[in-house]
Each structure stands twice: as structure tokens, then as C-alpha cells.
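Down below is the structure, laid out as C-alpha cells.
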Amino acid sequence: MAKSRFQYTLPDHRVEYGVEVEIDSLRVDEEAQRGLNLKRARGIADGLIVDALGSIVVSERDDGSRYIVDGMHRREACRIRGLRTIKAEIHYGLTQQQEATLFLIKNRESAKVSTLDEYRVGLTAGDELCVNVDRVLKSHNLGLGSSSTNSVGAVSAVLRITKQHGPEVLDRTLKVVEAAWGRDKESWDGVILGGVATFLSRHGADIDDDELARKMLKRGLAARWRSEALTRASNGGYNNSGTGSRESQCYQMVLEAWNKGRTAANRVG
């Protein structure tokens, strides 16, 4: 992630490097990092070169228990190969929240952590952006990470909306699209959410959310909105269609829907 959405800070604490630790003594706290991908661990084990493993990152908590912060796939690969010990960089006295922050620090320049993983770990770390997103989603009884009736799959869009426009705009956006089309996975499409959020951010003070939802529904269902935004952004296939362009076109569509039938004095934008 070349440019992270999250802020990382840790207190001063003791760190030891190159410590040989027993593999079976190490635990994993999945709230402080992503889950184990066994297929990936087996792939590492197949080509394992012990001298090239480096050190995994471990947190030793105040009760003496040791949790892997970064390197659980290497640890699992060593276990598969029958090794008993592995070198570790050990951090002492961190809380679970701080372990999550350390995980993000260790991986912020890497492409191996998905946006959803970073969000989930950032939530454990108490990151303000993640906490705000989680609060808004829970108020709508929504999860994040897969596209379904009760879950938003557009992770990047939700984070971007909240970062750029604030949690209040995310809240109104979810309210409007649900009022327009109900709780359907098409309603939570990232292009639509981004377009509606942009509209509410720019013109929200003059907008009645219920009326906006009715006007959007009158123009068509969510799937039609997404299709039209894609077509308009690509100019019928002649242009490349990036996310920003698609959301911009969806914003224009929301603007058109709201202004339709209004006098010039009552239009926005």
C-alpha cells in the first residue's frame, strides 16, 4: 500500500532481535492481524530455505504469552517442515490494540495486506477512520467485506467516502440507497455509493433524503444506475473507465434525478 489511509503510532517499548523461540509456544490473535491462509503456508513450506526466513515479529504480553504479529505463514511453514524453532523480533509490553498497530506498521509498504484486512486490523488498533466506519455500518445492521443483502463489498469505497466526506455523509448515503432500492447487494455498489456520497457532500444541506430516494428509484433500479454510469464513463467503450470517472458520472446522474421537474431557482449544482 503505497499510501495508507491509517495513522500508526506506538509507545516506546523494549525490543529484542534474533531471539530463537519455540514454534509451538507461539499463538495467533486474529483480531490483531489477518487469518491464516493454509495454502499459502504450504507453498512457502515447499520452497523453504531456512537461512532466508529472516525473523518473524512477536509480541510478548505482560502475562508471558507470545503472539505472532507478523510471520504466521512462515511459522506455519516451519511447522509443516518439522522445525521446532524460529528466529523472532520480540516486542514487550504491548496491548492487543498496539499489536494490531504494529502489524499495520510492519505491512504498510507491502501489497500483501488487503484493504479489508487492513480495515479489520485497524479497527482492533482503534484507528479513528475504521471506528467511524464500523459505527455507521452497525447502525444500519451492515457488515463489510462481501457483497450481500446485509454486507457491503465495496470496502475501498466506504473507507474513501468516510475519509473524504465524513461519517455523517456515509450514514446518509446508506440511508438514501436503502430507501431507494431496499437492502440488496446491488444497492451497496461502490460506484453508486461514491456518486451519492459526492452529491450529498456537495449539496446535502439543501436535500431531503427521502425525496432524493424517491427520485432515484423513479429513474431506475440500482443495477441500471451502475450500468449507465459505466457506459457514460467509458463513452460507449471509447474511453477507459476508472473508478473516479464512474463515480463522477453517477454523481451527475443523481444531480439530474434531483433537478428533474424543478424550476431553475430550485435546482442545485
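Residues are referred to by chain and number: the chain letter is A, B, ... according to the order shown in the C-alpha cells, the number counts from 1 in that chain, and ligands are numbered separately from 1 in the order shown.
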Near-Arg27 (chain A) list (12 Å; only C-alpha atoms; drop same-chain fewer than 6 positions) as a PyMOL selection string:
chain A and resi 21+33+36+57-61+64-72+75-76
Keeping N, CA and C atoms for every residue in the selection just given, could you write it to a file as a compact mmCIF listing (two decimals), in the first residue's frame?
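To be explicit, this is the file written out as selection-v5.txt:
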```
# COMPACT_ATOMS: atom_id res chain seq x y z
N VAL A 21 12.96 -18.85 19.24
CA VAL A 21 11.77 -19.17 20.03
C VAL A 21 11.17 -20.50 19.58
N GLN A 33 -4.47 -9.32 13.44
CA GLN A 33 -3.93 -9.48 12.11
C GLN A 33 -4.89 -10.33 11.29
N LEU A 36 -5.03 -17.08 8.89
CA LEU A 36 -4.05 -17.94 8.23
C LEU A 36 -4.60 -18.47 6.91
N VAL A 57 7.85 -11.41 13.66
CA VAL A 57 7.62 -10.39 14.69
C VAL A 57 6.67 -10.95 15.73
N VAL A 58 7.08 -10.89 16.99
CA VAL A 58 6.31 -11.49 18.08
C VAL A 58 6.10 -10.46 19.18
N SER A 59 4.94 -10.50 19.80
CA SER A 59 4.64 -9.66 20.97
C SER A 59 4.56 -10.55 22.20
N GLU A 60 5.36 -10.23 23.20
CA GLU A 60 5.26 -10.93 24.48
C GLU A 60 4.46 -10.06 25.44
N ARG A 61 3.29 -10.54 25.80
CA ARG A 61 2.40 -9.77 26.67
C ARG A 61 2.84 -9.86 28.12
N GLY A 64 3.34 -13.14 29.86
CA GLY A 64 4.34 -14.05 29.34
C GLY A 64 3.94 -14.78 28.07
N SER A 65 2.67 -14.67 27.65
CA SER A 65 2.23 -15.32 26.42
C SER A 65 2.78 -14.58 25.21
N ARG A 66 3.10 -15.34 24.17
CA ARG A 66 3.70 -14.76 22.98
C ARG A 66 2.78 -14.91 21.78
N TYR A 67 2.51 -13.79 21.11
CA TYR A 67 1.61 -13.77 19.96
C TYR A 67 2.37 -13.30 18.72
N ILE A 68 2.15 -14.01 17.61
CA ILE A 68 2.77 -13.61 16.34
C ILE A 68 2.07 -12.36 15.82
N VAL A 69 2.84 -11.33 15.53
CA VAL A 69 2.31 -10.11 14.95
C VAL A 69 2.46 -10.14 13.43
N ASP A 70 3.60 -10.60 12.97
CA ASP A 70 3.84 -10.72 11.53
C ASP A 70 4.73 -11.92 11.28
N GLY A 71 4.28 -12.83 10.42
CA GLY A 71 5.10 -14.00 10.11
C GLY A 71 4.44 -15.33 10.39
N MET A 72 3.09 -15.32 10.56
CA MET A 72 2.44 -16.58 10.92
C MET A 72 2.51 -17.60 9.78
N ARG A 75 5.88 -19.16 10.14
CA ARG A 75 5.84 -20.07 11.29
C ARG A 75 5.13 -21.37 10.93
N GLU A 76 3.99 -21.27 10.22
CA GLU A 76 3.26 -22.46 9.86
C GLU A 76 4.05 -23.30 8.86
```
Give me, as a PDB file with all heavy atoms, in the first residue's frame, all polymer residues having an atom no more than 10 Å from region 47-52 of chain A, counting only C-alpha atoms and skipping those fewer than 5 positions away in the same chain.
```pdb
ATOM      1  N   ARG A  42       1.617 -23.656   2.912  1.00  0.00           N
ATOM      2  CA  ARG A  42       2.146 -24.866   2.279  1.00  0.00           C
ATOM      3  C   ARG A  42       3.055 -24.525   1.103  1.00  0.00           C
ATOM      4  O   ARG A  42       4.057 -25.199   0.857  1.00  0.00           O
ATOM      5  CB  ARG A  42       0.997 -25.752   1.821  1.00  0.00           C
ATOM      6  CG  ARG A  42       0.281 -26.454   2.981  1.00  0.00           C
ATOM      7  CD  ARG A  42      -0.984 -27.154   2.512  1.00  0.00           C
ATOM      8  NE  ARG A  42      -1.613 -27.888   3.610  1.00  0.00           N
ATOM      9  CZ  ARG A  42      -2.881 -28.282   3.619  1.00  0.00           C
ATOM     10  NH1 ARG A  42      -3.664 -27.989   2.582  1.00  0.00           N
ATOM     11  NH2 ARG A  42      -3.371 -28.942   4.650  1.00  0.00           N
ATOM     12  N   ARG A  74       5.103 -17.968   7.736  1.00  0.00           N
ATOM     13  CA  ARG A  74       6.438 -18.554   7.849  1.00  0.00           C
ATOM     14  C   ARG A  74       6.498 -19.526   9.029  1.00  0.00           C
ATOM     15  O   ARG A  74       7.110 -20.590   8.940  1.00  0.00           O
ATOM     16  CB  ARG A  74       7.484 -17.444   8.006  1.00  0.00           C
ATOM     17  CG  ARG A  74       7.821 -16.732   6.700  1.00  0.00           C
ATOM     18  CD  ARG A  74       8.768 -15.577   6.920  1.00  0.00           C
ATOM     19  NE  ARG A  74       8.103 -14.449   7.554  1.00  0.00           N
ATOM     20  CZ  ARG A  74       8.726 -13.445   8.164  1.00  0.00           C
ATOM     21  NH1 ARG A  74      10.056 -13.465   8.261  1.00  0.00           N
ATOM     22  NH2 ARG A  74       8.058 -12.447   8.670  1.00  0.00           N
ATOM     23  N   ALA A  77       4.774 -22.642   7.956  1.00  0.00           N
ATOM     24  CA  ALA A  77       5.611 -23.371   7.005  1.00  0.00           C
ATOM     25  C   ALA A  77       6.695 -24.157   7.723  1.00  0.00           C
ATOM     26  O   ALA A  77       6.989 -25.310   7.373  1.00  0.00           O
ATOM     27  CB  ALA A  77       6.235 -22.398   6.001  1.00  0.00           C
ATOM     28  N   CYS A  78       7.279 -23.555   8.746  1.00  0.00           N
ATOM     29  CA  CYS A  78       8.299 -24.249   9.533  1.00  0.00           C
ATOM     30  C   CYS A  78       7.693 -25.436  10.278  1.00  0.00           C
ATOM     31  O   CYS A  78       8.311 -26.509  10.374  1.00  0.00           O
ATOM     32  CB  CYS A  78       8.936 -23.286  10.535  1.00  0.00           C
ATOM     33  SG  CYS A  78      10.010 -22.051   9.780  1.00  0.00           S
ATOM     34  N   ARG A  81       7.268 -28.257   7.942  1.00  0.00           N
ATOM     35  CA  ARG A  81       8.556 -28.895   7.628  1.00  0.00           C
ATOM     36  C   ARG A  81       9.184 -29.595   8.832  1.00  0.00           C
ATOM     37  O   ARG A  81      10.262 -30.171   8.724  1.00  0.00           O
ATOM     38  CB  ARG A  81       9.512 -27.844   7.067  1.00  0.00           C
ATOM     39  CG  ARG A  81       9.140 -27.340   5.677  1.00  0.00           C
ATOM     40  CD  ARG A  81       9.342 -28.403   4.602  1.00  0.00           C
ATOM     41  NE  ARG A  81      10.741 -28.744   4.483  1.00  0.00           N
ATOM     42  CZ  ARG A  81      11.592 -28.129   3.661  1.00  0.00           C
ATOM     43  NH1 ARG A  81      11.131 -27.164   2.851  1.00  0.00           N
ATOM     44  NH2 ARG A  81      12.843 -28.477   3.598  1.00  0.00           N
ATOM     45  N   LEU A  83      10.222 -28.199  11.724  1.00  0.00           N
ATOM     46  CA  LEU A  83      11.167 -27.408  12.512  1.00  0.00           C
ATOM     47  C   LEU A  83      10.575 -27.083  13.884  1.00  0.00           C
ATOM     48  O   LEU A  83       9.352 -26.957  14.036  1.00  0.00           O
ATOM     49  CB  LEU A  83      11.528 -26.126  11.776  1.00  0.00           C
ATOM     50  CG  LEU A  83      12.167 -26.305  10.392  1.00  0.00           C
ATOM     51  CD1 LEU A  83      12.436 -24.956   9.758  1.00  0.00           C
ATOM     52  CD2 LEU A  83      13.453 -27.121  10.489  1.00  0.00           C
ATOM     53  N   ILE A  86      12.243 -20.909  15.558  1.00  0.00           N
ATOM     54  CA  ILE A  86      12.336 -19.882  14.513  1.00  0.00           C
ATOM     55  C   ILE A  86      12.850 -18.606  15.146  1.00  0.00           C
ATOM     56  O   ILE A  86      12.614 -18.355  16.342  1.00  0.00           O
ATOM     57  CB  ILE A  86      10.954 -19.650  13.850  1.00  0.00           C
ATOM     58  CG1 ILE A  86      11.073 -18.780  12.606  1.00  0.00           C
ATOM     59  CG2 ILE A  86       9.967 -19.037  14.847  1.00  0.00           C
ATOM     60  CD1 ILE A  86       9.792 -18.700  11.786  1.00  0.00           C
TER      61      ILE A  86
END
```
With a distance cut-off of 12 Å and only C-alpha atoms, select the neighbouring residues of Ala180 (chain A), excluding the residue or stretch itself and same-chain residues fewer than 6 positions from it, and output the selection as a PyMOL selection string.
chain A and resi 173-174+186-188+192+196+209-222+225+254
Go ahead and save the residues from that selection, with C-alpha atoms, as a PDB file, in the first residue's frame.
```
ATOM      1  CA  THR A 173     -25.660   7.689   1.683  1.00  0.00           C
ATOM      2  CA  LEU A 174     -26.574   4.273   3.077  1.00  0.00           C
ATOM      3  CA  GLU A 186     -26.820  -4.001  -5.904  1.00  0.00           C
ATOM      4  CA  SER A 187     -27.743  -1.126  -3.595  1.00  0.00           C
ATOM      5  CA  TRP A 188     -24.323  -1.249  -1.934  1.00  0.00           C
ATOM      6  CA  ILE A 192     -23.380   4.158  -6.618  1.00  0.00           C
ATOM      7  CA  VAL A 196     -24.499   9.543  -3.946  1.00  0.00           C
ATOM      8  CA  ASP A 209     -33.092  12.396   1.756  1.00  0.00           C
ATOM      9  CA  ASP A 210     -36.493  10.727   1.358  1.00  0.00           C
ATOM     10  CA  GLU A 211     -37.339  12.818  -1.690  1.00  0.00           C
ATOM     11  CA  LEU A 212     -33.930  12.074  -3.177  1.00  0.00           C
ATOM     12  CA  ALA A 213     -34.524   8.332  -2.724  1.00  0.00           C
ATOM     13  CA  ARG A 214     -37.894   8.541  -4.474  1.00  0.00           C
ATOM     14  CA  LYS A 215     -36.414  10.429  -7.404  1.00  0.00           C
ATOM     15  CA  MET A 216     -33.554   7.948  -7.734  1.00  0.00           C
ATOM     16  CA  LEU A 217     -35.949   4.995  -7.749  1.00  0.00           C
ATOM     17  CA  LYS A 218     -38.082   6.696 -10.366  1.00  0.00           C
ATOM     18  CA  ARG A 219     -35.051   6.813 -12.653  1.00  0.00           C
ATOM     19  CA  GLY A 220     -34.467   3.053 -12.340  1.00  0.00           C
ATOM     20  CA  LEU A 221     -33.145   0.233 -10.170  1.00  0.00           C
ATOM     21  CA  ALA A 222     -29.605   0.115  -8.817  1.00  0.00           C
ATOM     22  CA  TRP A 225     -27.768   3.030 -12.450  1.00  0.00           C
ATOM     23  CA  VAL A 254     -28.013  11.856  -9.013  1.00  0.00           C
TER      24      VAL A 254
END
```
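Near Val191 (chain A), within a cut-off of 10 Å and counting only C-alpha atoms, sit the residues Ala154, Ala157, Ser187, Trp188, Gly194, Gly195, Val196, Ala197, Trp225, Arg226, Ser227, Ala229, Leu230, Thr243, Gly244, Ser245, Arg246, Glu247, Ser248, Gln249, Cys250 and Tyr251 of chain A, with same-chain residues fewer than 3 positions away left out.
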Could the residues in this selection be written to a file with C-alpha atoms, as a PDB file, in the first residue's frame?
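Wrote it out as selection_34.pdb, contents follow:
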```pdb
ATOM      1  CA  ALA A 154     -17.120  -2.046  -1.659  1.00  0.00           C
ATOM      2  CA  ALA A 157     -15.375   2.991  -1.461  1.00  0.00           C
ATOM      3  CA  SER A 187     -27.743  -1.126  -3.595  1.00  0.00           C
ATOM      4  CA  TRP A 188     -24.323  -1.249  -1.934  1.00  0.00           C
ATOM      5  CA  GLY A 194     -19.490   7.086  -4.272  1.00  0.00           C
ATOM      6  CA  GLY A 195     -21.783   9.059  -6.569  1.00  0.00           C
ATOM      7  CA  VAL A 196     -24.499   9.543  -3.946  1.00  0.00           C
ATOM      8  CA  ALA A 197     -21.922  10.485  -1.306  1.00  0.00           C
ATOM      9  CA  TRP A 225     -27.768   3.030 -12.450  1.00  0.00           C
ATOM     10  CA  ARG A 226     -24.466   1.183 -12.312  1.00  0.00           C
ATOM     11  CA  SER A 227     -24.707   0.100 -15.932  1.00  0.00           C
ATOM     12  CA  ALA A 229     -22.632   5.093 -15.061  1.00  0.00           C
ATOM     13  CA  LEU A 230     -20.186   2.603 -16.596  1.00  0.00           C
ATOM     14  CA  THR A 243     -13.391   4.349 -10.527  1.00  0.00           C
ATOM     15  CA  GLY A 244     -13.243   8.127 -10.197  1.00  0.00           C
ATOM     16  CA  SER A 245     -14.802   8.631 -13.613  1.00  0.00           C
ATOM     17  CA  ARG A 246     -17.616   6.163 -12.900  1.00  0.00           C
ATOM     18  CA  GLU A 247     -18.413   7.795  -9.568  1.00  0.00           C
ATOM     19  CA  SER A 248     -18.340  11.213 -11.219  1.00  0.00           C
ATOM     20  CA  GLN A 249     -20.881  10.058 -13.784  1.00  0.00           C
ATOM     21  CA  CYS A 250     -23.057   8.576 -11.056  1.00  0.00           C
ATOM     22  CA  TYR A 251     -22.904  11.915  -9.233  1.00  0.00           C
TER      23      TYR A 251
END
```
When you look at region 8-11 of chain A with a cut-off of 7 Å (counting only C-alpha atoms), what residues show up, excluding the ones that are within fewer than 5 positions of it in the same chain? I need them as an MDAnalysis selection string.
chainID A and resid 98 101 105
In region 62-268 of chain A, DSSP helix (DSSP H, G or I) residues written as a PyMOL selection string:
chain A and resi 72-80+96-107+115-124+128-139+155-165+167-181+190-206+209-219+222-237+243-259+264-266
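The interatomic distance for the pair CA of His13 (chain A) and CA of Ser114 (chain A) works out to 27.9 Å.
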Fewer than 4 positions away in the same chain doesn't count, so skip those; otherwise give me all residues within 12 Å of Tyr119 (chain A), counting only C-alpha atoms, as a count of residues only.
34
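CA of Arg224 (chain A) to CA of Glu178 (chain A) spans 15.5 Å [interatomic distance, one decimal].
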Could you pull out all residues of region 142-225 of chain A with a DSSP call of strand (DSSP E) and give them as a VMD selection string?
chain A and resid 143 to 144 151 to 152
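Reported to one decimal place, the separation of CA of Gly18 (chain A) from CA of Lys106 (chain A) is 16.4 Å.
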